[in-house]
$ cat structure.cif   # mmCIF, C-alpha atoms
data_entry
#
loop_
_atom_site.label_atom_id
_atom_site.label_comp_id
_atom_site.auth_asym_id
_atom_site.auth_seq_id
_atom_site.Cartn_x
_atom_site.Cartn_y
_atom_site.Cartn_z
CA MET A 205 85.77 117.83 117.78
CA LYS A 206 86.05 120.80 120.13
CA ASN A 207 87.45 118.51 122.85
CA VAL A 208 90.21 117.37 120.53
CA THR A 209 91.15 120.95 119.72
CA ASP A 210 91.06 121.88 123.41
CA SER A 211 93.40 119.01 124.26
CA PHE A 212 95.97 120.28 121.76
CA VAL A 213 95.54 123.86 122.94
CA SER A 214 96.10 122.72 126.53
CA LEU A 215 99.46 121.28 125.45
CA GLY A 216 100.58 124.81 124.62
CA ARG A 217 99.87 125.99 128.18
CA TRP A 218 102.47 123.74 129.77
CA PRO A 219 105.27 125.60 131.47
CA SER A 220 108.39 125.66 129.34
CA ALA A 221 111.87 124.99 130.63
CA GLY A 222 114.14 127.69 129.24
CA SER A 223 113.62 128.04 125.51
CA PHE A 224 111.90 124.66 125.14
CA GLY A 225 108.18 124.75 124.43
CA PHE A 226 105.48 123.23 122.33
CA ASN A 227 104.36 124.77 119.11
CA THR A 228 100.63 124.10 118.85
CA ASP A 229 100.40 125.31 115.27
CA ILE A 230 99.98 121.92 113.57
CA LEU A 231 100.38 123.34 110.07
CA ALA A 232 103.77 124.84 110.96
CA THR A 233 105.19 121.82 112.77
CA ASN A 234 104.12 118.98 110.45
CA PRO A 235 106.34 120.00 107.50
CA ILE A 236 109.29 120.39 109.87
CA ASN A 237 108.66 116.98 111.45
CA LEU A 238 108.18 115.36 108.08
CA SER A 239 111.35 116.90 106.70
CA VAL A 240 113.33 115.72 109.74
CA VAL A 241 111.91 112.18 109.47
CA LEU A 242 112.50 112.06 105.72
CA GLY A 243 116.03 113.41 106.14
CA VAL A 244 116.84 110.74 108.72
CA LEU A 245 115.29 108.04 106.55
CA ILE A 246 117.21 109.15 103.49
CA TYR A 247 120.49 109.48 105.40
CA PHE A 248 120.33 106.12 107.17
CA GLY A 249 118.23 104.15 104.68
CA LYS A 250 120.15 105.08 101.54
CA GLY A 251 122.83 102.42 101.97
CA VAL A 252 120.35 99.68 102.79
CA LEU A 253 118.12 100.71 99.92
CA ASN A 254 121.09 100.78 97.53
CA ASP A 255 122.15 97.31 98.65
CA LEU A 256 118.62 96.00 98.21
CA LEU A 257 118.33 97.55 94.79
CA ASP A 258 121.76 96.22 93.77
CA ASN A 259 120.79 92.72 94.91
CA ARG A 260 117.49 92.96 93.07
CA LYS A 261 119.29 94.27 89.99
CA GLN A 262 121.65 91.28 90.07
CA ARG A 263 118.71 88.89 90.36
CA ILE A 264 116.93 90.57 87.49
CA LEU A 265 120.10 90.50 85.39
CA SER A 266 120.50 86.82 86.24
CA THR A 267 116.92 86.20 85.16
CA ILE A 268 117.56 88.11 81.95
CA ARG A 269 120.69 86.04 81.31
CA ASN A 270 118.73 82.85 81.89
CA SER A 271 116.04 84.09 79.54
CA GLU A 272 118.68 84.95 76.97
CA GLU A 273 120.11 81.44 77.27
CA LEU A 274 116.63 80.04 76.72
CA ARG A 275 116.29 82.37 73.75
CA ARG A 276 119.62 81.17 72.34
CA GLY A 277 118.45 77.59 72.78
CA ALA A 278 115.26 78.45 70.95
CA ILE A 279 117.28 80.09 68.17
CA GLU A 280 119.42 76.95 67.90
CA GLN A 281 116.25 74.92 67.79
CA LEU A 282 114.99 77.26 65.10
CA GLU A 283 118.21 76.78 63.12
CA ARG A 284 117.85 73.01 63.41
CA ALA A 285 114.27 73.38 62.32
CA ARG A 286 115.36 75.48 59.37
CA ALA A 287 117.98 72.86 58.45
CA ARG A 288 115.28 70.23 58.71
CA LEU A 289 113.02 72.45 56.64
CA ARG A 290 115.67 72.68 53.94
CA LYS A 291 115.98 68.89 54.03
CA VAL A 292 112.21 68.54 53.79
CA GLU A 293 112.18 70.93 50.87
CA MET A 294 114.81 68.86 49.07
CA GLU A 295 112.75 65.73 49.68
CA ALA A 296 109.69 67.60 48.49
CA ASP A 297 111.33 68.17 45.14
CA GLU A 298 111.97 64.42 44.90
CA TYR A 299 108.50 63.39 45.94
CA ARG A 300 106.56 66.23 44.39
CA MET A 301 104.44 63.98 42.27
CA ASN A 302 103.52 61.57 45.04
CA GLY A 303 103.02 63.66 48.14
CA TYR A 304 103.42 67.37 47.61
CA SER A 305 100.45 68.35 49.76
CA GLU A 306 101.60 66.09 52.64
CA ILE A 307 105.05 67.66 52.71
CA GLU A 308 103.63 71.19 52.64
CA ARG A 309 101.46 70.40 55.68
CA GLU A 310 104.49 69.07 57.57
CA LYS A 311 106.43 72.20 56.68
CA ALA A 312 103.64 74.48 57.92
CA ASN A 313 103.25 72.47 61.13
CA LEU A 314 106.97 72.63 61.79
CA ILE A 315 107.10 76.38 61.26
CA ASN A 316 104.03 76.93 63.42
CA ALA A 317 105.36 74.73 66.22
CA THR A 318 108.71 76.53 66.20
CA SER A 319 107.01 79.91 66.08
CA ASP A 320 104.74 78.93 68.96
CA SER A 321 107.75 77.74 70.98
CA LEU A 322 109.56 81.02 70.42
CA GLU A 323 106.47 83.00 71.29
CA GLN A 324 105.97 81.01 74.50
CA LEU A 325 109.60 81.54 75.50
CA GLU A 326 109.34 85.27 74.82
CA ASN A 327 106.13 85.47 76.88
CA TYR A 328 107.78 83.54 79.71
CA LYS A 329 110.75 85.93 79.67
CA ASN A 330 108.49 88.99 79.75
CA GLU A 331 106.36 87.57 82.55
CA THR A 332 109.44 86.70 84.57
CA LEU A 333 110.86 90.20 84.16
CA HIS A 334 107.56 91.81 85.12
CA PHE A 335 107.20 89.54 88.15
CA GLU A 336 110.73 90.25 89.35
CA GLN A 337 110.23 93.99 88.91
CA GLN A 338 106.99 93.94 90.90
CA ARG A 339 108.55 91.83 93.61
CA ALA A 340 111.54 94.18 93.87
CA ILE A 341 109.29 97.22 94.04
CA ASN A 342 107.12 95.61 96.72
CA GLN A 343 110.13 94.63 98.81
CA VAL A 344 111.60 98.12 98.60
CA ARG A 345 108.25 99.68 99.51
CA GLN A 346 107.87 97.37 102.48
CA GLN A 347 111.36 98.03 103.78
CA VAL A 348 111.06 101.80 103.33
CA PHE A 349 107.75 101.71 105.17
CA GLN A 350 109.24 99.66 108.01
CA GLN A 351 112.21 101.99 108.30
CA ALA A 352 109.94 105.05 108.26
CA LEU A 353 107.74 103.52 110.93
CA GLN A 354 110.72 102.60 113.10
CA GLY A 355 112.17 106.07 112.70
CA ALA A 356 108.87 107.72 113.55
CA LEU A 357 108.37 105.50 116.59
CA GLY A 358 111.92 106.20 117.73
CA THR A 359 111.36 109.93 117.32
CA LEU A 360 108.05 109.77 119.18
CA ASN A 361 109.48 107.67 122.00
CA SER A 362 112.45 109.98 122.43
CA CYS A 363 110.32 113.15 122.39
CA LEU A 364 107.35 112.10 124.51
CA ASN A 365 107.45 111.92 128.27
CA SER A 366 104.91 109.75 130.02
CA GLU A 367 102.43 112.53 130.81
CA LEU A 368 102.46 113.89 127.25
CA HIS A 369 102.22 110.34 125.94
CA PHE A 370 99.17 109.71 128.16
CA ARG A 371 97.47 112.93 126.98
CA THR A 372 98.20 112.14 123.32
CA ILE A 373 96.68 108.68 123.69
CA ASN A 374 93.58 110.16 125.36
CA ALA A 375 93.26 112.76 122.57
CA ASN A 376 93.53 110.07 119.90
CA ILE A 377 90.93 107.94 121.69
CA GLY A 378 88.67 111.00 121.70
CA ILE A 379 89.22 111.46 117.95
CA LEU A 380 88.40 107.82 117.29
CA GLY A 381 85.26 108.12 119.42
CA ALA A 382 84.18 111.21 117.48
CA MET A 383 84.84 109.41 114.20
CA GLU A 384 82.79 106.42 115.40
CA GLU A 385 79.89 108.72 116.32
CA ILE A 386 80.05 110.29 112.85
CA ILE A 387 80.08 106.86 111.16
CA ASP A 388 77.16 105.62 113.25
#
$ encode --input "structure.cif" --output "structure tokens"
Amino acid sequence: MKNVTDSFVSLGRWPSAGSFGFNTDILATNPINLSVVLGVLIYFGKGVLNDLLDNRKQRILSTIRNSEELRRGAIEQLERARARLRKVEMEADEYRMNGYSEIEREKANLINATSDSLEQLENYKNETLHFEQQRAINQVRQQVFQQALQGALGTLNSCLNSELHFRTINANIGILGAMEEIID
């Protein structure tokens, strides 16, 4: 671990050109770097993110509309079932003496079937909405991560010269070696 610290300290001993130099205080530079990267991401990624969210919103609204149409169809089916129920009830009055129990069973089955259909459609709508929300969130996360990674790589590539890049790679290899020794 001391080698890793020494490699970062040695970066601070490089000769500076004019007012340019390296700040080796990691705690002071990380918030600045993070704020710069986040500022760039927010500035350039806001439009893309808004477009993605608008597209996702339209898809979700379309899914909701489709679900509402299915719901309306189920309500129409329920109305037809209620009309049929009224018809069955009228027939029940006529045939009360002969088959009252049979008609009551048919009525209960019809109500249960319609209720089950409505419940299944409602569950399908809720599952579809949840799935679309999760998919939208995952896509936005993935794109934000990719943009952040591209921005960070661009920043690193523009700031690192080849010698500094080589030293940074060697320092990171040293850190990984130290971590491997600790794990073993």
$ closest_residue --input "structure.cif" --among "A:Leu289, A:Val244, A:Leu257, A:Ala352" --to "Arg339 in chain A" --atoms "all atoms listed in the file"
A:Leu257
$ closest_residue --input "structure.cif" --among "A:Lys250, A:Arg345, A:Lys311, A:Lys261" --to "Arg288 in chain A" --atoms "all atoms listed in the file"
A:Lys311
$ closest_atom_pairs --input "structure.cif" --of "range 311-384 of chain A" --to "range 290-297 of chain A" --cutoff "12 Å" --atoms "all atoms listed in the file" --output "Markdown table"
| residue | atom | partner | partner_atom | distance |
| --- | --- | --- | --- | --- |
| A:Lys311 | CA | A:Val292 | CA | 7.4 |
| A:Ala312 | CA | A:Val292 | CA | 11.2 |
| A:Leu314 | CA | A:Val292 | CA | 10.4 |
| A:Ile315 | CA | A:Arg290 | CA | 11.9 |
$ atom_distance --input "structure.cif" --atom1 "CA of Arg284 in chain A" --atom2 "CA of Asn316 in chain A"
14.4 Å
$ atom_distance --input "structure.cif" --atom1 "CA of Ala278 in chain A" --atom2 "CA of Asp320 in chain A"
10.7 Å
$ atom_distance --input "structure.cif" --atom1 "CA of Glu310 in chain A" --atom2 "CA of Gln281 in chain A"
16.6 Å
$ resolve_selection --input "structure.cif" --expression "the PyMOL selection byres ((chain A and resi 356) around 10)" --output "number ranges by chain"
A: 237-238, 240-242, 244-245, 350-355, 357-362
$ write_last_selection --input "structure.cif" --atoms "C-alpha atoms" --output "CSV table (one decimal), in the coordinates of the input"
chain,number,residue,atom,x,y,z
A,237,ASN,CA,108.7,117.0,111.4
A,238,LEU,CA,108.2,115.4,108.1
A,240,VAL,CA,113.3,115.7,109.7
A,241,VAL,CA,111.9,112.2,109.5
A,242,LEU,CA,112.5,112.1,105.7
A,244,VAL,CA,116.8,110.7,108.7
A,245,LEU,CA,115.3,108.0,106.6
A,350,GLN,CA,109.2,99.7,108.0
A,351,GLN,CA,112.2,102.0,108.3
A,352,ALA,CA,109.9,105.0,108.3
A,353,LEU,CA,107.7,103.5,110.9
A,354,GLN,CA,110.7,102.6,113.1
A,355,GLY,CA,112.2,106.1,112.7
A,357,LEU,CA,108.4,105.5,116.6
A,358,GLY,CA,111.9,106.2,117.7
A,359,THR,CA,111.4,109.9,117.3
A,360,LEU,CA,108.0,109.8,119.2
A,361,ASN,CA,109.5,107.7,122.0
A,362,SER,CA,112.4,110.0,122.4
$ axis_aligned_box --input "structure.cif" --around "range 241-248 of chain A" --padding-each-side "6 Å" --output "lines of an AutoDock Vina configuration file"
center_x = 116.2
center_y = 109.8
center_z = 106.5
size_x = 20.6
size_y = 19.3
size_z = 18.0
$ closest_residue --input "structure.cif" --among "A:Ala340, A:Leu322, A:Met383, A:Leu274" --to "Gln262 in chain A" --atoms "all atoms listed in the file"
A:Ala340
$ residues_around --input "structure.cif" --residues "Leu253 in chain A" --least-positions-apart "2" --cutoff "12 Å" --atoms "all atoms listed in the file" --output "PyMOL selection string"
chain A and resi 245-251+255-261+340-341+343-349+351
$ build_atoms --input "structure.cif" --residues "range 374-386 of chain A" --atoms "N, CA, C and O atoms" --output "short mmCIF file (atom, residue, chain, number, x, y, z; two decimals), in the frame of the given file"
data_model
loop_
_atom_site.label_atom_id
_atom_site.label_comp_id
_atom_site.auth_asym_id
_atom_site.auth_seq_id
_atom_site.Cartn_x
_atom_site.Cartn_y
_atom_site.Cartn_z
N ASN A 374 94.96 109.78 125.03
CA ASN A 374 93.58 110.16 125.36
C ASN A 374 92.97 111.01 124.24
O ASN A 374 91.81 110.85 123.88
N ALA A 375 93.76 111.92 123.67
CA ALA A 375 93.26 112.76 122.57
C ALA A 375 92.94 111.91 121.36
O ALA A 375 91.91 112.09 120.70
N ASN A 376 93.79 110.94 121.05
CA ASN A 376 93.53 110.07 119.90
C ASN A 376 92.32 109.19 120.14
O ASN A 376 91.55 108.91 119.21
N ILE A 377 92.13 108.73 121.36
CA ILE A 377 90.93 107.94 121.69
C ILE A 377 89.70 108.81 121.50
O ILE A 377 88.68 108.36 120.97
N GLY A 378 89.78 110.07 121.90
CA GLY A 378 88.67 111.00 121.70
C GLY A 378 88.36 111.20 120.22
O GLY A 378 87.21 111.26 119.81
N ILE A 379 89.41 111.31 119.41
CA ILE A 379 89.22 111.46 117.95
C ILE A 379 88.54 110.23 117.38
O ILE A 379 87.61 110.34 116.58
N LEU A 380 89.02 109.05 117.78
CA LEU A 380 88.40 107.82 117.29
C LEU A 380 86.95 107.72 117.72
O LEU A 380 86.09 107.27 116.96
N GLY A 381 86.65 108.14 118.95
CA GLY A 381 85.26 108.12 119.42
C GLY A 381 84.39 109.06 118.60
O GLY A 381 83.26 108.75 118.24
N ALA A 382 84.93 110.25 118.30
CA ALA A 382 84.18 111.21 117.48
C ALA A 382 83.95 110.67 116.08
O ALA A 382 82.88 110.83 115.50
N MET A 383 84.98 109.99 115.54
CA MET A 383 84.84 109.41 114.20
C MET A 383 83.80 108.29 114.21
O MET A 383 83.03 108.14 113.28
N GLU A 384 83.77 107.52 115.30
CA GLU A 384 82.79 106.42 115.40
C GLU A 384 81.37 106.97 115.49
O GLU A 384 80.44 106.45 114.89
N GLU A 385 81.20 108.09 116.22
CA GLU A 385 79.89 108.72 116.32
C GLU A 385 79.44 109.24 114.95
O GLU A 385 78.28 109.15 114.58
N ILE A 386 80.38 109.78 114.18
CA ILE A 386 80.05 110.29 112.85
C ILE A 386 79.65 109.14 111.94
O ILE A 386 78.69 109.23 111.17
#
